[in-house]
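Undergrad: Below is the file start-v7.txt, which contains compact mmCIF, C-alpha atoms.
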# COMPACT_ATOMS: atom_id res chain seq x y z
CA MET A 1 -26.83 14.79 -16.73
CA PHE A 2 -24.55 15.18 -13.75
CA THR A 3 -25.47 11.70 -12.57
CA GLU A 4 -24.48 10.27 -15.96
CA LEU A 5 -21.17 12.15 -15.76
CA VAL A 6 -20.45 10.70 -12.33
CA GLU A 7 -21.26 7.22 -13.59
CA GLU A 8 -18.92 7.72 -16.54
CA LEU A 9 -16.11 8.79 -14.22
CA MET A 10 -16.75 5.84 -11.90
CA GLY A 11 -15.87 3.59 -14.82
CA LEU A 12 -12.33 5.01 -15.00
CA ASP A 13 -9.40 3.56 -13.09
CA ASN A 14 -7.48 5.58 -10.49
CA GLU A 15 -4.75 6.69 -12.88
CA ALA A 16 -7.29 7.89 -15.43
CA ILE A 17 -9.17 9.86 -12.74
CA THR A 18 -5.95 11.62 -11.73
CA GLU A 19 -5.10 12.43 -15.34
CA ARG A 20 -8.64 13.73 -15.94
CA PHE A 21 -8.31 16.01 -12.92
CA ARG A 22 -4.92 17.35 -14.03
CA ALA A 23 -6.19 17.96 -17.58
CA LEU A 24 -9.24 19.84 -16.30
CA GLU A 25 -7.04 21.98 -14.07
CA LEU A 26 -4.92 22.96 -17.08
CA ASP A 27 -8.12 23.84 -18.94
CA ARG A 28 -9.28 25.94 -16.01
CA ARG A 29 -6.03 27.89 -16.00
CA ARG A 30 -6.29 28.56 -19.72
CA VAL A 31 -9.90 29.66 -19.38
CA ASP A 32 -9.04 31.89 -16.42
CA ALA A 33 -6.30 33.60 -18.45
CA GLU A 34 -8.69 34.09 -21.38
CA LEU A 35 -11.44 35.35 -19.08
CA THR A 36 -9.11 37.93 -17.59
CA ALA A 37 -8.05 39.04 -21.08
CA VAL A 38 -11.70 39.40 -22.15
CA VAL A 39 -12.46 41.59 -19.13
CA ALA A 40 -9.39 43.72 -19.85
CA VAL A 41 -10.48 44.27 -23.48
CA ALA A 42 -14.09 44.96 -22.48
CA ASP A 43 -12.91 47.56 -20.00
CA ALA A 44 -10.53 49.19 -22.48
CA ARG A 45 -13.20 49.42 -25.18
CA GLY A 46 -15.96 50.54 -22.86
CA VAL A 47 -18.12 47.60 -23.92
CA TYR A 48 -20.08 47.96 -20.69
CA GLY A 49 -21.71 51.13 -22.05
CA ASP A 50 -23.64 49.24 -24.74
CA ASP A 51 -26.20 48.05 -22.19
CA GLY A 52 -26.09 51.19 -20.10
CA HIS A 53 -23.65 49.96 -17.45
CA ARG A 54 -21.62 52.74 -15.89
CA SER A 55 -18.53 50.64 -15.28
CA ILE A 56 -16.92 47.29 -15.96
CA LYS A 57 -18.05 46.21 -12.51
CA GLY A 58 -21.71 46.44 -13.44
CA TRP A 59 -21.03 44.67 -16.75
CA MET A 60 -19.41 41.73 -14.95
CA ARG A 61 -22.20 41.50 -12.38
CA ALA A 62 -24.88 41.64 -15.09
CA ASN A 63 -23.32 39.08 -17.43
CA ALA A 64 -21.83 36.61 -14.97
CA ASN A 65 -23.88 37.20 -11.80
CA TRP A 66 -20.64 37.58 -9.85
CA SER A 67 -20.39 38.71 -6.27
CA ALA A 68 -18.61 41.93 -5.32
CA LEU A 69 -15.69 39.77 -4.15
CA ASP A 70 -15.45 38.04 -7.55
CA VAL A 71 -15.56 41.38 -9.35
CA ALA A 72 -12.83 42.90 -7.17
CA SER A 73 -10.64 39.81 -7.57
CA ARG A 74 -10.97 39.87 -11.38
CA ARG A 75 -10.18 43.59 -11.54
CA ARG A 76 -7.02 43.01 -9.52
CA ALA A 77 -6.06 40.22 -11.91
CA VAL A 78 -6.59 42.52 -14.89
CA ALA A 79 -4.40 45.20 -13.32
CA LEU A 80 -1.67 42.61 -12.67
CA LEU A 81 -1.66 41.17 -16.20
CA GLU A 82 -1.67 44.61 -17.79
CA THR A 83 1.47 45.47 -15.82
CA CYS A 84 3.03 41.99 -15.83
CA PRO A 85 2.02 40.07 -18.98
CA ALA A 86 4.50 37.32 -18.08
CA VAL A 87 2.03 36.24 -15.38
CA GLY A 88 -0.59 35.78 -18.08
CA ASP A 89 1.88 33.75 -20.13
CA ALA A 90 2.56 31.47 -17.16
CA LEU A 91 -1.15 31.05 -16.46
CA LEU A 92 -1.99 30.37 -20.12
CA ALA A 93 0.82 27.79 -20.30
CA GLY A 94 -0.49 26.12 -17.13
CA ARG A 95 2.68 26.67 -15.08
CA ILE A 96 0.82 28.53 -12.32
CA GLY A 97 -2.72 28.21 -11.05
CA CYS A 98 -5.62 30.53 -10.32
CA CYS A 99 -4.77 30.81 -6.62
CA GLN A 100 -1.19 31.90 -7.46
CA LEU A 101 -2.64 34.50 -9.84
CA ALA A 102 -4.90 35.83 -7.08
CA GLU A 103 -2.02 36.06 -4.60
CA LEU A 104 0.19 37.95 -7.06
CA ALA A 105 -2.71 40.25 -7.91
CA ARG A 106 -3.27 40.95 -4.23
CA ALA A 107 0.39 41.87 -3.79
CA ARG A 108 0.30 44.03 -6.93
CA ALA A 109 -2.65 45.92 -5.40
CA ASN A 110 -0.63 46.81 -2.29
CA PRO A 111 -0.72 50.62 -2.43
CA ARG A 112 2.71 51.06 -0.85
CA CYS A 113 4.88 48.59 -2.74
CA GLY A 114 2.73 46.86 -5.39
CA GLU A 115 4.25 48.70 -8.34
CA ARG A 116 7.68 47.29 -7.43
CA ILE A 117 6.57 43.70 -7.97
CA VAL A 118 7.87 43.90 -11.55
CA ASP A 119 11.42 44.01 -10.12
CA VAL A 120 11.09 40.51 -8.65
CA LEU A 121 8.48 39.05 -10.98
CA ASP A 122 10.74 36.37 -12.50
CA VAL A 123 11.68 35.13 -9.03
CA LEU A 124 8.10 35.11 -7.79
CA LEU A 125 6.87 33.28 -10.90
CA ASP A 126 9.51 30.60 -10.40
CA HIS A 127 8.42 30.14 -6.80
CA ALA A 128 4.75 30.18 -7.82
CA GLU A 129 5.45 27.24 -10.12
CA HIS A 130 7.60 25.12 -7.82
CA LEU A 131 6.45 25.80 -4.26
CA SER A 132 3.23 24.67 -2.63
CA PHE A 133 0.67 27.45 -2.48
CA GLU A 134 1.09 27.88 1.28
CA ASP A 135 4.87 28.25 0.93
CA PHE A 136 4.48 30.55 -2.08
CA ARG A 137 2.09 32.78 -0.15
CA THR A 138 4.69 33.03 2.61
CA VAL A 139 7.33 34.02 0.04
CA VAL A 140 5.07 36.80 -1.29
CA ARG A 141 4.51 38.05 2.26
CA ARG A 142 8.29 38.07 2.77
CA TRP A 143 8.74 40.22 -0.32
CA GLU A 144 6.10 42.67 0.88
CA HIS A 145 7.89 42.97 4.22
CA LEU A 146 11.23 43.57 2.52
CA ALA A 147 9.79 46.03 0.00
CA ASP A 148 7.91 48.03 2.62
CA GLU A 149 9.56 47.45 5.99
CA ASP A 150 8.37 50.71 7.52
CA GLY A 151 4.80 50.26 6.30
CA THR A 152 4.69 46.65 7.46
CA LEU A 153 5.89 47.66 10.92
CA ASP A 154 3.31 50.48 11.00
CA ASP A 155 0.57 48.00 10.08
CA ALA A 156 1.67 45.64 12.84
CA GLU A 157 1.61 48.44 15.39
CA ALA A 158 -1.80 49.64 14.15
CA ASN A 159 -3.21 46.12 14.45
CA HIS A 160 -1.79 45.97 17.97
CA ALA A 161 -3.33 49.32 18.88
CA ASN A 162 -6.72 48.26 17.48
CA ARG A 163 -6.80 44.84 19.15
CA THR A 164 -10.15 43.84 20.59
CA ALA A 165 -11.97 40.82 21.95
CA GLY A 166 -15.50 40.10 23.07
CA LEU A 167 -17.13 37.15 24.79
CA HIS A 168 -20.93 37.16 24.98
CA GLU A 169 -23.90 34.93 25.60
CA VAL A 170 -26.39 34.88 22.71
CA ASN A 171 -29.57 32.82 23.17
CA GLY A 172 -27.79 30.57 25.63
CA CYS A 173 -24.81 30.03 23.31
CA LEU A 174 -21.29 31.39 23.31
CA ASP A 175 -20.27 34.14 20.87
CA LEU A 176 -16.51 34.77 20.89
CA ARG A 177 -14.80 37.29 18.62
CA ALA A 178 -11.26 38.64 18.66
CA SER A 179 -9.10 40.52 16.18
CA GLY A 180 -5.92 42.55 15.98
CA GLY A 181 -2.69 42.14 17.86
CA ARG A 182 0.84 41.65 16.61
CA PRO A 183 1.95 38.64 14.50
CA LEU A 184 3.63 37.14 17.55
CA ASP A 185 0.35 37.38 19.48
CA ALA A 186 -1.41 35.51 16.68
CA ALA A 187 1.29 32.86 16.49
CA GLU A 188 1.35 32.34 20.24
CA MET A 189 -2.42 32.06 20.63
CA LEU A 190 -2.79 29.82 17.58
CA GLY A 191 0.02 27.60 18.83
CA ILE A 192 -1.59 27.23 22.27
CA PHE A 193 -5.00 26.56 20.73
CA GLU A 194 -3.73 23.92 18.30
CA ARG A 195 -1.88 22.10 21.09
CA PHE A 196 -5.08 21.90 23.13
CA VAL A 197 -6.96 20.70 20.04
CA GLU A 198 -4.31 18.02 19.54
CA ASP A 199 -4.75 16.91 23.17
CA GLU A 200 -8.51 16.57 22.62
CA PHE A 201 -7.86 14.54 19.46
CA ARG A 202 -5.57 12.17 21.35
CA ILE A 203 -8.26 11.69 23.98
CA ASP A 204 -10.77 10.74 21.28
CA VAL A 205 -8.29 8.35 19.63
CA ALA A 206 -7.70 6.62 22.99
CA VAL A 207 -11.46 6.20 23.53
CA ARG A 208 -11.97 4.89 19.98
CA THR A 209 -9.09 2.44 20.35
CA GLU A 210 -10.45 1.12 23.63
CA LEU A 211 -13.95 0.62 22.21
CA HIS A 212 -13.25 -0.45 18.62
CA GLY A 213 -9.54 -1.30 18.29
CA ALA A 214 -6.51 0.54 16.92
CA ASP A 215 -7.52 0.12 13.27
CA ALA A 216 -11.00 1.62 13.65
CA PRO A 217 -11.92 4.37 11.13
CA ALA A 218 -11.94 8.07 12.02
CA SER A 219 -15.75 8.10 11.72
CA LEU A 220 -15.91 6.27 15.06
CA LEU A 221 -14.22 9.09 16.97
CA PRO A 222 -16.68 10.23 19.67
CA ARG A 223 -16.51 13.95 18.69
CA THR A 224 -16.29 15.88 15.45
CA ASP A 225 -13.33 18.15 14.75
CA ALA A 226 -15.53 21.21 15.36
CA GLN A 227 -16.67 19.84 18.73
CA ARG A 228 -13.08 19.11 19.77
CA ARG A 229 -12.04 22.66 18.88
CA PHE A 230 -14.81 24.13 21.02
CA ASP A 231 -13.93 21.82 23.92
CA ALA A 232 -10.26 22.76 23.53
CA LEU A 233 -11.14 26.43 23.85
CA ALA A 234 -13.19 25.72 26.96
CA LYS A 235 -10.27 23.78 28.45
CA ILE A 236 -7.92 26.72 27.81
CA PHE A 237 -10.22 28.95 29.91
CA ARG A 238 -10.57 26.35 32.67
CA THR A 239 -6.85 25.67 32.74
CA ALA A 240 -6.10 29.39 33.02
CA ALA A 241 -8.64 29.76 35.84
CA SER A 242 -7.11 26.88 37.78
CA MET A 243 -3.51 28.12 37.51
CA PRO A 244 -2.06 29.35 40.81
CA ALA A 245 -1.12 33.00 41.10
CA GLY A 246 2.31 33.79 39.69
CA ALA A 247 2.49 30.59 37.63
CA ARG A 248 4.50 30.83 34.41
CA ALA A 249 3.74 29.18 31.12
CA PRO A 250 6.41 26.84 29.65
CA GLU A 251 8.83 28.56 27.28
CA PRO A 252 9.25 28.96 24.45
CA VAL A 253 5.68 28.89 23.19
CA VAL A 254 6.74 30.47 19.87
CA ASN A 255 9.92 30.05 17.84
CA LEU A 256 11.02 32.82 15.47
CA VAL A 257 13.00 31.55 12.47
CA CYS A 258 15.27 34.05 10.69
CA ASP A 259 17.96 33.53 8.05
CA VAL A 260 21.46 34.65 9.01
CA GLU A 261 21.73 37.39 6.35
CA THR A 262 18.50 39.06 7.48
CA PHE A 263 19.51 38.77 11.13
CA GLU A 264 23.00 40.21 10.58
CA THR A 265 21.60 43.05 8.48
CA LEU A 266 19.08 43.78 11.22
CA LEU A 267 21.80 43.87 13.88
CA ALA A 268 23.97 46.12 11.69
CA ARG A 269 21.10 48.51 11.03
CA HIS A 270 20.87 49.08 14.78
CA ARG A 271 24.68 49.37 15.04
CA LEU A 272 25.03 46.24 17.13
CA ILE A 273 27.55 44.72 14.69
CA PRO A 274 29.52 46.13 11.71
CA PHE A 275 27.52 46.25 8.47
CA PRO A 276 28.45 43.25 6.23
CA ASP A 277 30.74 44.17 3.32
CA ASP A 278 29.46 41.52 0.91
CA LEU A 279 25.74 41.49 1.55
CA PRO A 280 24.21 38.86 -0.82
CA LEU A 281 20.99 39.41 -2.75
CA THR A 282 17.94 38.17 -0.87
CA ASP A 283 16.65 34.78 -1.97
CA LEU A 284 12.94 35.01 -1.23
CA ALA A 285 12.53 31.23 -1.01
CA ARG A 286 15.36 30.76 1.50
CA SER A 287 15.03 34.04 3.34
CA ARG A 288 13.00 33.56 6.51
CA CYS A 289 11.64 35.95 9.09
CA GLU A 290 8.61 34.21 10.52
CA THR A 291 7.27 31.98 13.22
CA ASP A 292 7.77 28.23 13.02
CA SER A 293 4.16 27.95 11.81
CA GLY A 294 4.85 30.26 8.84
CA ILE A 295 3.40 33.57 10.09
CA VAL A 296 5.62 36.30 8.62
CA VAL A 297 6.72 38.91 11.17
CA PRO A 298 8.55 42.25 10.80
CA PRO A 299 12.32 41.87 11.33
CA GLU A 300 12.18 44.44 14.13
CA HIS A 301 10.06 42.03 16.16
CA VAL A 302 12.70 39.34 15.74
CA LEU A 303 15.32 41.70 17.16
CA GLN A 304 13.08 42.61 20.09
CA ALA A 305 12.51 38.93 20.84
CA ALA A 306 16.25 38.18 20.60
CA LEU A 307 17.14 41.02 22.96
CA LEU A 308 14.38 40.35 25.48
CA GLY A 309 14.63 36.57 25.33
CA HIS A 310 10.81 36.30 25.46
CA VAL A 311 10.67 34.14 22.32
CA ARG A 312 13.35 31.72 21.20
CA ARG A 313 15.17 32.89 18.09
CA VAL A 314 16.41 30.39 15.53
CA ILE A 315 18.98 31.40 12.91
CA VAL A 316 19.29 29.38 9.68
CA ASP A 317 21.83 29.47 6.87
CA GLY A 318 21.20 29.84 3.14
CA ASN A 319 20.11 26.20 2.86
CA GLY A 320 17.67 26.52 5.75
CA VAL A 321 19.86 24.54 8.17
CA VAL A 322 19.69 25.66 11.80
CA LEU A 323 22.84 27.47 12.96
CA ASP A 324 21.84 28.90 16.32
CA MET A 325 18.99 28.40 18.77
CA GLY A 326 19.74 31.27 21.14
CA ARG A 327 19.93 30.66 24.87
CA LYS A 328 18.20 27.28 24.53
CA ARG A 329 20.98 25.88 22.34
CA ARG A 330 21.54 22.19 22.94
CA LEU A 331 21.77 21.12 19.30
CA PHE A 332 23.78 17.96 19.90
CA LYS A 333 22.22 17.05 23.23
CA GLY A 334 18.73 16.12 22.22
CA ALA A 335 17.52 19.23 20.35
CA ALA A 336 18.34 17.99 16.84
CA ARG A 337 14.71 16.92 16.50
CA VAL A 338 13.51 20.38 17.49
CA ALA A 339 15.97 22.02 15.10
CA ALA A 340 14.84 19.83 12.21
CA LYS A 341 11.19 20.71 12.78
CA LEU A 342 12.03 24.41 12.74
CA MET A 343 13.26 24.13 9.13
CA ALA A 344 9.74 23.40 7.82
CA CYS A 345 6.22 24.57 8.58
CA HIS A 346 4.41 21.41 7.56
CA CYS A 347 4.77 17.78 6.46
CA GLY A 348 7.01 17.39 3.41
CA HIS A 349 4.71 14.95 1.59
CA PRO A 350 3.24 16.71 -1.46
CA GLY A 351 -0.16 18.18 -0.64
CA CYS A 352 -0.02 17.53 3.11
CA THR A 353 -0.51 20.50 5.46
CA VAL A 354 -0.08 18.80 8.84
CA GLY A 355 2.00 21.19 10.93
CA ALA A 356 5.60 20.36 11.76
CA HIS A 357 4.68 20.41 15.47
CA TYR A 358 2.70 17.20 14.99
CA ALA A 359 5.00 15.54 12.45
CA GLU A 360 8.05 13.30 12.70
CA VAL A 361 11.64 13.84 11.61
CA ASP A 362 12.70 11.73 8.65
CA HIS A 363 15.93 11.26 6.67
CA LEU A 364 16.03 12.81 3.20
CA ASP A 365 18.76 10.34 2.29
CA GLU A 366 17.60 7.16 3.98
CA TRP A 367 19.83 5.98 6.83
CA HIS A 368 19.86 2.31 5.80
CA ARG A 369 19.23 2.45 2.05
CA ASP A 370 21.26 5.55 1.12
CA GLY A 371 23.74 5.77 3.97
CA GLY A 372 22.23 9.12 4.95
CA ALA A 373 23.59 10.84 8.05
CA THR A 374 21.45 11.52 11.11
CA ASP A 375 22.02 15.28 11.19
CA VAL A 376 19.97 18.41 10.72
CA ALA A 377 21.15 19.02 7.14
CA ASN A 378 19.71 15.64 6.11
CA ALA A 379 16.46 16.00 8.02
CA GLY A 380 13.00 16.07 6.50
CA ILE A 381 9.52 16.30 8.00
CA ARG A 382 6.78 13.72 7.51
CA CYS A 383 3.54 13.41 9.46
CA ARG A 384 2.72 10.17 11.25
CA SER A 385 0.76 8.89 8.28
CA HIS A 386 3.19 9.80 5.51
CA ASN A 387 6.44 8.85 7.26
CA PRO A 388 5.80 5.07 7.15
CA LEU A 389 3.97 5.46 3.83
CA LYS A 390 7.12 6.89 2.25
CA HIS A 391 8.96 3.66 3.00
CA ARG A 392 6.12 1.36 1.95
CA LEU A 393 5.69 3.14 -1.39
CA GLY A 394 9.43 3.38 -2.04
CA LEU A 395 9.37 7.18 -2.33
CA VAL A 396 12.66 9.07 -2.67
CA ASP A 397 13.29 12.69 -1.68
CA ARG A 398 15.92 14.74 -3.51
CA ARG A 399 16.81 18.38 -2.88
CA ALA A 400 17.09 20.56 -6.01
CA LYS A 401 19.55 23.43 -6.44
CA SER A 402 16.78 25.85 -5.47
CA GLY A 403 16.39 24.09 -2.11
CA GLN A 404 13.05 22.55 -3.09
CA VAL A 405 12.65 18.91 -2.07
CA VAL A 406 11.13 16.79 -4.84
CA THR A 407 9.53 13.44 -4.04
CA PHE A 408 9.99 10.69 -6.66
CA ARG A 409 7.73 7.65 -6.94
CA ARG A 410 9.04 4.11 -7.14
CA ASP A 411 8.98 4.26 -10.95
CA GLY A 412 11.08 7.44 -10.95
CA THR A 413 8.29 9.89 -11.83
CA PRO A 414 8.25 13.09 -9.75
CA MET A 415 5.25 14.03 -7.61
CA LEU A 416 4.80 17.56 -8.95
CA PRO A 417 1.66 19.66 -9.49
CA VAL A 418 0.27 19.78 -13.01
CA GLY A 419 2.15 22.30 -15.15
CA CYS A 420 5.15 22.38 -12.83
CA ARG A 421 8.49 21.74 -14.52
CA LEU A 422 11.13 19.60 -12.83
CA PRO A 423 13.65 21.89 -11.08
CA GLU A 424 17.38 21.69 -11.71
CA PHE A 425 19.40 19.25 -9.62
CA GLU A 426 23.07 18.97 -8.87
CA PRO A 427 24.96 16.84 -11.43
CA ASP A 428 23.97 13.18 -11.27
CA ASP A 429 21.58 13.77 -8.36
CA HIS A 430 18.46 13.21 -10.45
CA ASP A 431 20.01 10.07 -11.94
CA LEU A 432 20.81 8.92 -8.42
CA ALA A 433 17.15 9.33 -7.47
CA LEU A 434 16.11 7.20 -10.42
CA GLN A 435 18.71 4.54 -9.55
CA ILE A 436 17.45 4.33 -5.98
CA THR A 437 13.82 4.00 -7.04
CA ALA A 438 14.81 1.30 -9.52
CA SER A 439 16.67 -0.65 -6.83
CA ALA A 440 13.78 -0.19 -4.39
CA SER A 441 11.40 -1.78 -6.89
Let's see the structure in the file written out as structure tokens.
TA:
Amino acid sequence: MFTELVEELMGLDNEAITERFRALELDRRRVDAELTAVVAVADARGVYGDDGHRSIKGWMRANANWSALDVASRRRAVALLETCPAVGDALLAGRIGCCQLAELARARANPRCGERIVDVLDVLLDHAEHLSFEDFRTVVRRWEHLADEDGTLDDAEANHANRTAGLHEVNGCLDLRASGGRPLDAAEMLGIFERFVEDEFRIDVAVRTELHGADAPASLLPRTDAQRRFDALAKIFRTAASMPAGARAPEPVVNLVCDVETFETLLARHRLIPFPDDLPLTDLARSRCETDSGIVVPPEHVLQAALLGHVRRVIVDGNGVVLDMGRKRRLFKGAARVAAKLMACHCGHPGCTVGAHYAEVDHLDEWHRDGGATDVANAGIRCRSHNPLKHRLGLVDRRAKSGQVVTFRRDGTPMLPVGCRLPEFEPDDHDLALQITASAS
């Protein structure tokens, strides 16, 4: 039967396949909302007792053969929808997906601040609909840090106190495990590791190009991604062992990005500047207190880094435009590219997760076509594949009032996830996008 289904789908054109996928995803969201409602009713009625189950957990395991992880996730979802039925409405209408539901349910289960999620639910639901899941998850983490600053800082210190690592030989193979540390430790180590992995990838690309030409497929790379990551780790150890005594690593390895309101409030809290008189409400989508790779850090760690100068601080305004780069500030002497990359964590093409470190800086308003300025406020991020593809496909980027960048196809249709409504633009800006796509065609 499955073979026949695959054959049926193979007979569809590309557009029909995409539409089938989007329709099935909407169905999945509706079913997930209904499934959660059924579990909630079964629990409230005590249906599980009919077959002798002692709890709803046993009933779910018996009837659906779910794992303990599935059961716990569904119970968190039930608790969320009982407290916040608007989340169920959004899921049933298809405006948010199952992963957004799970992230909200996880935050609702936070024992220190979860009950306060109702105060920002409308904002979080809007971001759940319009942001990529990775960016939405970062927004939720920001809210948790703001809602429970003391607890978040305590958690960070506890993770640092409980840090551990082990390196062992098991049957002639390497077994490496490490956990704990502060968010900055994680960001620094991950950044170093990914840069070594990128170096190994470039080595493989050079070998493939020499043997098979520049247009050879990725399958002809001499190593798999997993093999390159292992070899990168080995090179980190060998490089460290070969470093002369007293050698210093290049700085900064990690950039901390913080919005100006959060930074000024942090300075005022420690009586380093007067407390602002007109402190604006925090916009969770534009508020930032994280590494350039998107790891959310406690604000106190940003202050420590700014005072010690160990990590470069980067201050952004309400639109995410870089205002200050600390002691390394050379914004108009070659660092505009660095500043632009610090405004995003990944490639701006919908669905792409290539990190900004390995991407290129692009114009939102095209330099030649739109007369766009070459400055940080007009900068976007595209990876090496999607930057030229944007021009070949005639794609147009437009920034909505919320700050979200929407990509329009050549025919003027937006590249948005299924169920996501088009955000509000400045007057005539959406029409301008459509005019540009029409002229590009």
Undergrad: Give me, as a PDB file with C-alpha atoms, keeping the file's coordinate frame, all polymer residues having an atom no more than 7 Å from A:Ile381, counting all atoms listed in the file and skipping those fewer than 2 positions away in the same chain.
TA:
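The result, stored in out.pdb:
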ATOM      1  CA  LYS A 341      11.190  20.710  12.780  1.00  0.00           C
ATOM      2  CA  CYS A 347       4.770  17.780   6.460  1.00  0.00           C
ATOM      3  CA  GLY A 348       7.010  17.390   3.410  1.00  0.00           C
ATOM      4  CA  ALA A 356       5.600  20.360  11.760  1.00  0.00           C
ATOM      5  CA  ALA A 359       5.000  15.540  12.450  1.00  0.00           C
ATOM      6  CA  GLU A 360       8.050  13.300  12.700  1.00  0.00           C
ATOM      7  CA  VAL A 361      11.640  13.840  11.610  1.00  0.00           C
ATOM      8  CA  ASP A 362      12.700  11.730   8.650  1.00  0.00           C
ATOM      9  CA  ALA A 379      16.460  16.000   8.020  1.00  0.00           C
ATOM     10  CA  CYS A 383       3.540  13.410   9.460  1.00  0.00           C
TER      11      CYS A 383
END
Undergrad: Using Å and a single decimal, report how far atom CA of A:Pro111 sits from atom CA of A:Arg288.
TA: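 That distance, rounded to one decimal, is 23.6 Å.
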Undergrad: Please determine, counting all atoms listed in the file, which residue among A:Ser219, A:Thr291, A:Asn162, A:Ser67 has the shortest atom-to-atom distance to A:Glu188.
TA: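 Result for the nearest residue to A:Glu188: A:Thr291.
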Undergrad: Could you check how far atom CA of A:Leu393 sits from atom CA of A:Ala206, in Å to one decimal?
TA: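 Spanning atom CA of A:Leu393 to atom CA of A:Ala206 is a straight-line distance of 28.0 Å.
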Undergrad: For atom CA of A:Ala226 and atom CA of A:Asp199, determine how far apart the two atoms are, in Å to one decimal place.
TA: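 These two atoms are separated by 14.0 Å.
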Undergrad: So which one's closest to A:Ala147, A:Pro298, A:Glu200, A:Gly97, A:Ala165? Using all atoms listed in the file, please.
TA: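 That would be A:Pro298, the residue with the smallest distance to A:Ala147.
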Undergrad: Of the candidates A:Leu5, A:Leu221, A:Val297, A:Ala33, which shows the shortest atom-to-atom distance to A:Cys98, using all atoms listed in the file?
TA: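 Smallest separation from A:Cys98 among the options: A:Ala33.
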Undergrad: Restricting the calculation to only C-alpha atoms, which member of A:Asp122, A:Arg74, A:Asn14, A:His130 is positioned closest to A:Val38?
TA: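 Distance minimum relative to A:Val38 lands on A:Arg74.
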Undergrad: Counting all atoms listed in the file, what is within 6 Å of stretch 23-31 of chain A, bar same-chain residues fewer than 5 positions away, as JSON, numbers by chain?
TA: {"A": [91, 92, 94, 97]}
Undergrad: Measuring between all atoms listed in the file, which one of A:Leu125, A:Leu267, A:Ile96, A:Ala79 shows the shortest distance to A:Ala109?
TA: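 Once distances to A:Ala109 are computed over all atoms listed in the file, the minimum belongs to A:Ala79.
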Undergrad: For A:Leu101, which residue among A:Cys113, A:Gln227, A:Leu124, A:Tyr48 is the nearest when counting only C-alpha atoms?
TA: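 Checking each of A:Cys113, A:Gln227, A:Leu124, A:Tyr48 against A:Leu101, counting only C-alpha atoms, the winner is A:Leu124.
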Undergrad: Around all the atoms of stretch 58-66 of chain A listed in the file, with 6 Å of room on each side, what axis-aligned box do you get, giving centre and edge lengths in Å to one decimal, as JSON?
TA:
{"center_x": -22.1, "center_y": 41.5, "center_z": -13.6, "size_x": 17.5, "size_y": 21.8, "size_z": 19.6}
Undergrad: Give me, as a list of chain:residue names, all polymer residues having an atom no more than 9 Å from A:Thr83, counting only C-alpha atoms and skipping those fewer than 4 positions away in the same chain.
TA: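 Final neighbour list, sorted by chain and number: A:Val78, A:Ala79, A:Glu115, A:Val118.
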Undergrad: Which residues come within 12 Å of A:Phe133, counting only C-alpha atoms, excluding same-chain residues fewer than 2 positions away, as an MDAnalysis selection string?
TA: chainID A and resid 96:104 124:125 127:131 135:140 350:353 417
